[in-house]
Every structure is written in structure tokens, then in C-alpha cells.
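With PDB, C-alpha atoms and all ligand atoms inside, this is start-v1.pdb:
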```pdb
ATOM      1  CA  MET A   1     109.576  89.659  80.048
ATOM      2  CA  ILE A   2     111.432  89.954  83.361
ATOM      3  CA  TYR A   3     111.692  93.483  84.688
ATOM      4  CA  TYR A   4     114.820  94.445  86.569
ATOM      5  CA  ASN A   5     112.852  95.852  89.524
ATOM      6  CA  ASP A   6     111.001  92.525  89.983
ATOM      7  CA  GLN A   7     114.132  91.376  91.822
ATOM      8  CA  TYR A   8     113.388  93.632  94.800
ATOM      9  CA  PRO A   9     113.983  92.293  98.353
ATOM     10  CA  LYS A  10     110.777  90.536  99.360
ATOM     11  CA  TYR A  11     110.707  92.118 102.824
ATOM     12  CA  PHE A  12     109.837  95.412 101.065
ATOM     13  CA  ASP A  13     106.318  93.981 100.666
ATOM     14  CA  GLN A  14     105.745  94.101 104.411
ATOM     15  CA  ARG A  15     107.995  96.952 105.432
ATOM     16  CA  TYR A  16     106.496  99.545 103.070
ATOM     17  CA  LYS A  17     103.048  98.058 102.501
ATOM     18  CA  GLY A  18     100.147 100.471 102.168
ATOM     19  CA  ILE A  19     102.262 103.626 101.910
ATOM     20  CA  PRO A  20     100.527 105.790  99.279
ATOM     21  CA  TYR A  21     103.469 108.080  98.557
ATOM     22  CA  LEU A  22     106.558 109.589 100.134
ATOM     23  CA  LEU A  23     108.258 112.903  99.600
ATOM     24  CA  LEU A  24     111.832 111.842  98.966
ATOM     25  CA  ASP A  25     114.523 113.347 101.154
ATOM     26  CA  VAL A  26     116.700 114.596  98.310
ATOM     27  CA  PRO A  27     117.618 118.197  97.419
ATOM     28  CA  LYS A  28     115.262 120.054  95.105
ATOM     29  CA  ILE A  29     115.883 118.848  91.549
ATOM     30  CA  VAL A  30     115.798 121.748  89.109
ATOM     31  CA  PRO A  31     115.973 121.793  85.330
ATOM     32  CA  ASP A  32     118.647 123.621  83.351
ATOM     33  CA  ASP A  33     118.055 127.257  82.350
ATOM     34  CA  ASN A  34     117.196 126.226  78.786
ATOM     35  CA  PHE A  35     114.327 123.970  79.888
ATOM     36  CA  LYS A  36     111.531 126.408  79.060
ATOM     37  CA  GLU A  37     112.906 126.986  75.580
ATOM     38  CA  LEU A  38     113.285 123.232  75.074
ATOM     39  CA  TRP A  39     109.756 122.620  76.347
ATOM     40  CA  ASN A  40     108.282 125.127  73.910
ATOM     41  CA  GLU A  41     110.292 123.736  71.020
ATOM     42  CA  LYS A  42     109.993 119.996  71.646
ATOM     43  CA  LYS A  43     106.667 119.384  73.350
ATOM     44  CA  VAL A  44     104.061 117.638  71.208
ATOM     45  CA  SER A  45     100.517 116.499  71.791
ATOM     46  CA  ILE A  46     100.769 112.968  73.135
ATOM     47  CA  VAL A  47      98.348 110.643  71.410
ATOM     48  CA  ARG A  48      98.189 106.893  71.216
ATOM     49  CA  GLN A  49     100.246 105.081  68.575
ATOM     50  CA  ARG A  50      99.128 101.526  69.226
ATOM     51  CA  PRO A  51      96.681  99.541  71.357
ATOM     52  CA  ASP A  52      97.486  97.864  74.666
ATOM     53  CA  GLU A  53      95.712  95.362  76.878
ATOM     54  CA  ARG A  54      93.439  97.908  78.488
ATOM     55  CA  TYR A  55      92.855 100.007  75.372
ATOM     56  CA  PRO A  56      92.432  97.359  72.672
ATOM     57  CA  TYR A  57      91.021  99.544  69.852
ATOM     58  CA  LYS A  58      93.438  99.045  66.992
ATOM     59  CA  ASN A  59      93.154 102.451  65.324
ATOM     60  CA  ALA A  60      91.434 105.821  65.436
ATOM     61  CA  GLU A  61      88.375 104.509  63.585
ATOM     62  CA  GLU A  62      87.766 101.661  66.051
ATOM     63  CA  ALA A  63      88.392 104.010  68.968
ATOM     64  CA  GLU A  64      85.936 106.540  67.512
ATOM     65  CA  GLU A  65      83.287 103.833  67.166
ATOM     66  CA  ASN A  66      83.814 102.917  70.823
ATOM     67  CA  PHE A  67      83.704 106.588  71.820
ATOM     68  CA  LYS A  68      80.281 106.946  70.184
ATOM     69  CA  GLN A  69      78.997 103.935  72.108
ATOM     70  CA  THR A  70      80.633 104.485  75.531
ATOM     71  CA  GLY A  71      81.912 108.074  75.662
ATOM     72  CA  LYS A  72      85.433 106.788  76.350
ATOM     73  CA  VAL A  73      87.971 109.245  74.936
ATOM     74  CA  ASN A  74      89.518 108.451  71.538
ATOM     75  CA  GLU A  75      93.168 108.380  72.591
ATOM     76  CA  TYR A  76      94.372 108.265  68.983
ATOM     77  CA  THR A  77      92.951 111.714  68.321
ATOM     78  CA  THR A  78      92.564 113.358  71.761
ATOM     79  CA  ALA A  79      95.762 114.302  73.588
ATOM     80  CA  ASN A  80      95.616 113.690  77.340
ATOM     81  CA  TRP A  81      99.070 115.247  77.650
ATOM     82  CA  ASP A  82     101.653 117.481  76.014
ATOM     83  CA  GLY A  83     105.265 116.561  76.476
ATOM     84  CA  PHE A  84     108.596 115.246  75.303
ATOM     85  CA  ILE A  85     110.985 112.433  76.150
ATOM     86  CA  GLY A  86     114.393 113.165  77.679
ATOM     87  CA  LEU A  87     115.651 109.600  77.753
ATOM     88  CA  SER A  88     114.360 106.352  76.374
ATOM     89  CA  SER A  89     115.544 102.753  76.358
ATOM     90  CA  GLU A  90     114.596  99.584  74.535
ATOM     91  CA  SER A  91     112.140  98.586  77.228
ATOM     92  CA  ALA A  92     110.545 102.063  77.267
ATOM     93  CA  ASP A  93     106.868 102.620  76.677
ATOM     94  CA  ASP A  94     106.205 102.984  72.939
ATOM     95  CA  ARG A  95     102.434 103.375  73.048
ATOM     96  CA  TRP A  96     102.474 107.160  72.685
ATOM     97  CA  THR A  97     103.716 109.908  70.354
ATOM     98  CA  ARG A  98     107.430 110.340  70.773
ATOM     99  CA  SER A  99     109.346 113.609  70.694
ATOM    100  CA  LEU A 100     112.791 112.558  71.861
ATOM    101  CA  VAL A 101     115.731 114.754  72.881
ATOM    102  CA  ASP A 102     119.124 113.592  74.121
ATOM    103  CA  GLY A 103     118.463 114.598  77.735
ATOM    104  CA  PRO A 104     121.946 114.055  79.213
ATOM    105  CA  THR A 105     123.379 116.331  76.486
ATOM    106  CA  VAL A 106     120.770 119.108  76.372
ATOM    107  CA  LEU A 107     119.835 119.090  80.103
ATOM    108  CA  PRO A 108     123.190 118.069  81.632
ATOM    109  CA  ASN A 109     122.629 119.594  85.077
ATOM    110  CA  PHE A 110     119.218 118.002  85.443
ATOM    111  CA  PHE A 111     120.501 114.555  84.507
ATOM    112  CA  GLN A 112     123.490 114.974  86.791
ATOM    113  CA  GLN A 113     121.092 115.620  89.695
ATOM    114  CA  LEU A 114     119.020 112.541  88.794
ATOM    115  CA  ASN A 115     122.113 110.364  88.809
ATOM    116  CA  ASP A 116     123.507 111.938  91.989
ATOM    117  CA  TYR A 117     120.346 111.961  94.106
ATOM    118  CA  LEU A 118     118.205 109.027  93.032
ATOM    119  CA  PRO A 119     118.847 105.516  94.440
ATOM    120  CA  ILE A 120     119.450 103.879  91.104
ATOM    121  CA  PHE A 121     121.863 101.917  88.957
ATOM    122  CA  LYS A 122     120.408 103.285  85.761
ATOM    123  CA  LEU A 123     117.761 105.561  84.274
ATOM    124  CA  THR A 124     115.554 103.743  81.754
ATOM    125  CA  GLN A 125     113.076 106.478  80.881
ATOM    126  CA  VAL A 126     112.644 110.202  81.534
ATOM    127  CA  LEU A 127     109.444 111.903  80.368
ATOM    128  CA  PHE A 128     108.257 115.489  80.754
ATOM    129  CA  TRP A 129     104.472 115.551  80.663
ATOM    130  CA  SER A 130     101.747 118.121  81.279
ATOM    131  CA  ASN A 131      98.158 116.925  81.414
ATOM    132  CA  ASN A 132      95.601 118.844  79.328
ATOM    133  CA  ILE A 133      92.540 117.207  80.849
ATOM    134  CA  ASP A 134      91.582 115.357  84.048
ATOM    135  CA  ILE A 135      93.406 112.040  84.305
ATOM    136  CA  GLY A 136      91.106 109.484  85.951
ATOM    137  CA  VAL A 137      92.232 107.108  88.700
ATOM    138  CA  HIS A 138      94.398 104.348  87.266
ATOM    139  CA  ARG A 139      97.530 102.327  87.838
ATOM    140  CA  ASP A 140     100.433 102.500  85.410
ATOM    141  CA  LEU A 141     100.969  99.232  83.558
ATOM    142  CA  ASN A 142     104.608  98.855  84.662
ATOM    143  CA  ASP A 143     106.118  98.624  88.149
ATOM    144  CA  GLN A 144     103.100  97.455  90.146
ATOM    145  CA  TYR A 145     104.595  96.693  93.567
ATOM    146  CA  SER A 146     103.413  96.746  97.191
ATOM    147  CA  TRP A 147     105.951  99.460  98.012
ATOM    148  CA  PRO A 148     106.350 103.000  96.688
ATOM    149  CA  SER A 149     108.196 102.563  93.407
ATOM    150  CA  SER A 150     107.169 105.225  90.874
ATOM    151  CA  ILE A 151     109.205 108.437  90.919
ATOM    152  CA  ARG A 152     107.848 111.812  89.812
ATOM    153  CA  ILE A 153     109.466 115.245  89.991
ATOM    154  CA  MET A 154     107.381 118.419  90.038
ATOM    155  CA  ILE A 155     109.174 120.601  87.481
ATOM    156  CA  GLU A 156     106.714 123.470  87.703
ATOM    157  CA  ASP A 157     103.226 123.927  89.076
ATOM    158  CA  GLU A 158     101.085 127.062  88.809
ATOM    159  CA  ASN A 159      98.070 125.493  90.539
ATOM    160  CA  PRO A 160      96.842 127.179  93.737
ATOM    161  CA  GLU A 161      96.287 123.733  95.290
ATOM    162  CA  PRO A 162      97.704 120.259  94.651
ATOM    163  CA  THR A 163      96.220 118.302  91.724
ATOM    164  CA  PHE A 164      98.035 114.938  91.733
ATOM    165  CA  PHE A 165      96.394 112.420  94.043
ATOM    166  CA  LEU A 166      96.406 108.817  95.202
ATOM    167  CA  LYS A 167      93.257 106.817  95.925
ATOM    168  CA  PRO A 168      93.081 103.291  97.399
ATOM    169  CA  PHE A 169      92.812 100.746  94.590
ATOM    170  CA  ASP A 170      91.489  97.224  94.884
ATOM    171  CA  GLU A 171      94.753  95.380  94.322
ATOM    172  CA  ASN A 172      92.874  92.202  93.467
ATOM    173  CA  LEU A 173      91.571  93.801  90.306
ATOM    174  CA  PRO A 174      93.521  92.768  87.214
ATOM    175  CA  ALA A 175      96.573  94.865  86.364
ATOM    176  CA  ASN A 176      94.835  96.075  83.237
ATOM    177  CA  SER A 177      91.633  97.287  84.900
ATOM    178  CA  LEU A 178      90.172 100.400  83.328
ATOM    179  CA  SER A 179      90.689 103.991  84.372
ATOM    180  CA  THR A 180      87.698 105.758  85.827
ATOM    181  CA  ALA A 181      86.645 109.404  85.656
ATOM    182  CA  ILE A 182      87.444 111.678  88.597
ATOM    183  CA  PRO A 183      84.475 111.991  90.980
ATOM    184  CA  SER A 184      83.437 115.645  91.405
ATOM    185  CA  ASN A 185      83.768 115.458  95.211
ATOM    186  CA  ILE A 186      87.323 114.069  95.086
ATOM    187  CA  ARG A 187      88.709 116.777  97.390
ATOM    188  CA  LEU A 188      86.203 115.771 100.085
ATOM    189  CA  ASP A 189      87.004 112.047  99.875
ATOM    190  CA  PRO A 190      88.790 111.212 103.162
ATOM    191  CA  THR A 191      90.592 108.238 101.587
ATOM    192  CA  VAL A 192      92.273 110.401  98.936
ATOM    193  CA  LYS A 193      95.819 111.772  99.404
ATOM    194  CA  PHE A 194      96.894 114.820  97.410
ATOM    195  CA  VAL A 195     100.639 115.188  96.931
ATOM    196  CA  ASP A 196     101.715 118.648  98.044
ATOM    197  CA  THR A 197     105.277 119.621  97.177
ATOM    198  CA  THR A 198     104.751 123.390  97.416
ATOM    199  CA  ASN A 199     106.036 123.911 100.944
ATOM    200  CA  SER A 200     108.551 121.106 100.873
ATOM    201  CA  LEU A 201     112.299 121.250 100.446
ATOM    202  CA  SER A 202     111.868 118.346  98.017
ATOM    203  CA  ASN A 203     109.988 118.368  94.723
ATOM    204  CA  THR A 204     110.477 114.621  94.216
ATOM    205  CA  PHE A 205     108.018 111.955  95.321
ATOM    206  CA  ILE A 206     107.556 108.241  94.936
ATOM    207  CA  TYR A 207     104.179 106.490  94.895
ATOM    208  CA  ASN A 208     102.673 103.045  95.283
ATOM    209  CA  ASN A 209     101.321 101.770  91.965
ATOM    210  CA  LYS A 210      99.566  98.667  93.272
ATOM    211  CA  GLN A 211      97.536  99.289  96.407
ATOM    212  CA  TRP A 212      96.944 102.864  95.303
ATOM    213  CA  GLY A 213      95.712 104.299  92.030
ATOM    214  CA  HIS A 214      96.623 107.810  90.964
ATOM    215  CA  GLY A 215      95.079 110.590  88.934
ATOM    216  CA  ALA A 216      95.395 114.307  88.264
ATOM    217  CA  ILE A 217      92.906 117.127  88.195
ATOM    218  CA  LYS A 218      93.293 119.626  85.354
ATOM    219  CA  ASN A 219      92.592 123.106  86.625
ATOM    220  CA  PRO A 220      91.957 125.139  83.461
ATOM    221  CA  GLY A 221      94.332 128.077  83.201
ATOM    222  CA  TYR A 222      97.034 126.569  85.404
ATOM    223  CA  LYS A 223      99.980 124.661  84.033
ATOM    224  CA  LYS A 224     101.900 121.853  85.657
ATOM    225  CA  ILE A 225     104.849 119.888  84.276
ATOM    226  CA  LEU A 226     105.742 116.582  85.871
ATOM    227  CA  CYS A 227     108.810 114.524  85.136
ATOM    228  CA  SER A 228     108.215 110.786  85.174
ATOM    229  CA  ILE A 229     111.273 108.639  85.820
ATOM    230  CA  GLY A 230     111.812 104.977  84.972
ATOM    231  CA  VAL A 231     114.800 103.377  86.703
ATOM    232  CA  ASN A 232     116.624 100.217  87.625
ATOM    233  CA  TYR A 233     116.848 100.517  91.391
ATOM    234  CA  ASP A 234     119.836 100.043  93.645
ATOM    235  CA  PHE A 235     117.720  98.437  96.363
ATOM    236  CA  HIS A 236     120.157  99.068  99.166
ATOM    237  CA  LYS A 237     120.259 102.792  98.380
ATOM    238  CA  LEU A 238     116.498 102.817  97.881
ATOM    239  CA  GLN A 239     115.881 101.319 101.305
ATOM    240  CA  VAL A 240     118.146 103.861 102.980
ATOM    241  CA  LEU A 241     116.390 106.721 101.178
ATOM    242  CA  LEU A 242     112.861 105.427 101.882
ATOM    243  CA  ASN A 243     113.651 105.096 105.589
ATOM    244  CA  ARG A 244     115.215 108.541 105.765
ATOM    245  CA  SER A 245     112.282 110.073 103.860
ATOM    246  CA  ILE A 246     109.705 108.489 106.188
ATOM    247  CA  GLU A 247     111.603 109.836 109.166
ATOM    248  CA  LYS A 248     111.779 113.335 107.705
ATOM    249  CA  TYR A 249     108.413 113.730 105.935
ATOM    250  CA  GLY A 250     106.191 110.945 107.348
ATOM    251  CA  ASN A 251     104.619 107.968 105.568
ATOM    252  CA  ASN A 252     101.289 109.652 104.619
ATOM    253  CA  ILE A 253      99.249 106.599 105.681
TER     254      ILE A 253
HETATM  255 FE    FE B   1      99.810 107.219  85.482
END
```

So, in terms of C-alpha cells, how does the structure I just supplied come out?
Amino acid sequence: MIYYNDQYPKYFDQRYKGIPYLLLDVPKIVPDDNFKELWNEKKVSIVRQRPDERYPYKNAEEAEENFKQTGKVNEYTTANWDGFIGLSSESADDRWTRSLVDGPTVLPNFFQQLNDYLPIFKLTQVLFWSNNIDIGVHRDLNDQYSWPSSIRIMIEDENPEPTFFLKPFDENLPANSLSTAIPSNIRLDPTVKFVDTTNSLSNTFIYNNKQWGHGAIKNPGYKKILCSIGVNYDFHKLQVLLNRSIEKYGNNI
């Protein structure tokens, strides 16, 4: 399958290589007033619906057998996240529980901001997710490029310090290489970059999903909701925004 974003200008590989993440120079993107109500009503525990190349166990029984042998979480029965889907398309990820709302209708202001501020032709997926447990360092299966390509918006974050981080990833490893647990000294690791949106005018960031892996610490008692955006990029607009964002907020290398 050919992904739309695979048609990116090849000079992006050099121009933006190695950048872990950028705060995007767009106005703060805020959800509609009814978001909290919607969240409470529509969020579900997100568990696995089907296997994929890096989690090949076909059902809960096989996954449980593997869990007993290796300690690897049974993703059919243990929810890494709570959340709901605000927009989905045919190419969207169908590996997980789906609680779908018609985002552009029920969160019109939020979707208007996405369409106005993001450098895109089209939204392909909008997810609202809150992790319940530590999410080990991994790369997402889609959109693995040498430039920052994966957009996240911090919807709310009660944590006293940042919890979402990037860590250098051996890009020669296969795309489906396994997630790893979070080392206990992660905050002392000088190679790790935590994404801090608290004192920024922007709550939107974009990260590299090839040379960098990402993960999230779960701080018990503190809630965080991230919005994960899948898009078809307008590469001219993207380039202008990346350059402007680097100038304003730095490249975090
Ligand atoms: Fe991820």
C-alpha cells in the first residue's frame, strides 16, 4: 500500500534529519466546551482487536500464554489507554477498540482549528488517548520518516513534569521491532528529550518516528489526554511551518 505522505520532497531527509521533535508555531488548539462531557461519555478502554506484525498473538488466549512465558502484557485484556476516535478513514488503524464520534459535528471548533492551523490537505485520523500505564519506547508502525512527521496535541495535562519523551532509536532495526519497558533512570538519561508544552504558547508538537522512538511515563494520580492526528500533508505548507517553528522554538537537537 502506498501512503500519501511517502511522496514527501526528498530533501526533507537531509534538511530535518535528526530532529527529535518541534513545538509547532501555531496558536494554542483548544477543544470545545463539551469536550469533558464527551470524554466521560465516549471514552472506552482501548484493547487490541487483532494481531499485527509486532504483536502476532492471534487472540487473548495466545497472548495470555505468551504473557505467562515472557511477562509481555496481554493487550487483548489489558488496556494501555482509554480514549475515543474523533475521525477515522478507510486507511485508519483498526487494531484497537473503537469508540467513534463524528468529530467535525460534535467538536466543530476543535476541527476548525485543526483545518485552519495544520499544514495539511486532509485529516485521516483523530484520536483522543490517555495512557493508563507506562508506554515503553517504540516507533509507531505508520509514518516512519527521517523528518518530524507525527503530530500530537496536548489537550490536558495534570502532571507536575513532562511525561512524553523521545529517545534515539537505531533506525536500522526493522520497522516492527519490539517496544521496550521504560528504564527507571529515564529522567537522568542525557540522550532523552521530554516534550514540555506547559510554558509554551503552543500545545502542538511534531516528532520524528524513525530516528527517534517515543514513550510516556504514567504518573499515578495525574491525568493527561493527548490528541493524535493522522494527516495527508501539504508539503509546501509543512516546510514553511517547520522552518518557522525551528526559528521560534529551536530544533531540540
Ligand atoms: Fe506511539

Might I get the box with edges along x, y and z of the file that holds all atoms of range 207-226 of chain A listed there, padded by 3 Å on every side, given as centre and edge lengths in Å to one decimal, as lines of an AutoDock Vina configuration file?
```
center_x = 98.8
center_y = 113.4
center_z = 89.8
size_x = 19.8
size_y = 35.4
size_z = 19.2
```

Check: Given the file above and the PyMOL selection byres (((not hetatm)) within 8 of (chain B and resi 1)), which residues are selected, and can you give them as number ranges by chain?
Finding: A: 138-140, 214-215

All residues 12 Å or closer to Ser200 in chain A, only C-alpha atoms, same chain fewer than 2 positions away omitted, as a PyMOL selection string: chain A and resi 22-28+154+195-198+202-205+248-249

Practice task
Anything within 6 Å of (101.9, 109.5, 72.0): list those residues as a PyMOL selection string, counting all atoms listed in the file and sticking to the file's coordinates.
Solution key: chain A and resi 46-49+96-98

List as a list of chain:residue names the protein and nucleic acid residues near range 101-112 of chain A, meaning an atom at most 8 Å away when only C-alpha atoms are counted, but skip any in the same chain fewer than 4 places from it.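 With the cut-off at 8 Å, the set is A:Ile29, A:Val30, A:Pro31, A:Asp32, A:Asn34, A:Phe35, A:Lys42, A:Phe84, A:Ile85, A:Gly86, A:Leu87, A:Asp116.
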
Atom pair CA of Pro9 in chain A + CA of Ser89 in chain A, distance 24.4 Å

TODO: Work out how far CA of Gln125 in chain A is from CA of Val231 in chain A, in Å to one decimal.
DONE: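 For CA of Val231 in chain A relative to CA of Gln125 in chain A, the distance reads 6.8 Å.
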
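Here the question is which of A:Ile225, A:Leu38, A:Leu127, A:Ile2 gets nearest to Ile155 in chain A using all atoms listed in the file, and that residue is A:Ile225.
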
If you count all atoms listed in the file, which residues fall within 6 Å of Trp212 in chain A, apart from same-chain ones fewer than 3 positions away, as a VMD selection string?
chain A and resid 166 to 169 208 to 209

Using only C-alpha atoms, the shortest atom-to-atom distance to Ser184 in chain A among A:Ile151, A:Tyr4, A:Pro160, A:Gly136 belongs to A:Gly136

- Which residue of A:Ile182, A:Asp134, A:Gln211, A:Arg152 approaches Leu114 in chain A most closely, using all atoms listed in the file: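 Among the listed residues, A:Arg152 lies closest to Leu114 in chain A.
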
Separation of CA of Pro119 in chain A from CA of Lys237 in chain A in Å: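 If I compute the distance from CA of Lys237 in chain A to CA of Pro119 in chain A, I get 5.0 Å.
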
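Nearest residue to Val126 in chain A, choosing from A:Gly221, A:Gly83, A:Gly230, A:Pro56 and counting all atoms listed in the file: A:Gly230.
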
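Take the candidates A:Asn80, A:Asn159, A:Ser149, A:Asn199 and check each one against Phe235 in chain A using all atoms listed in the file; the shortest distance goes to A:Ser149.
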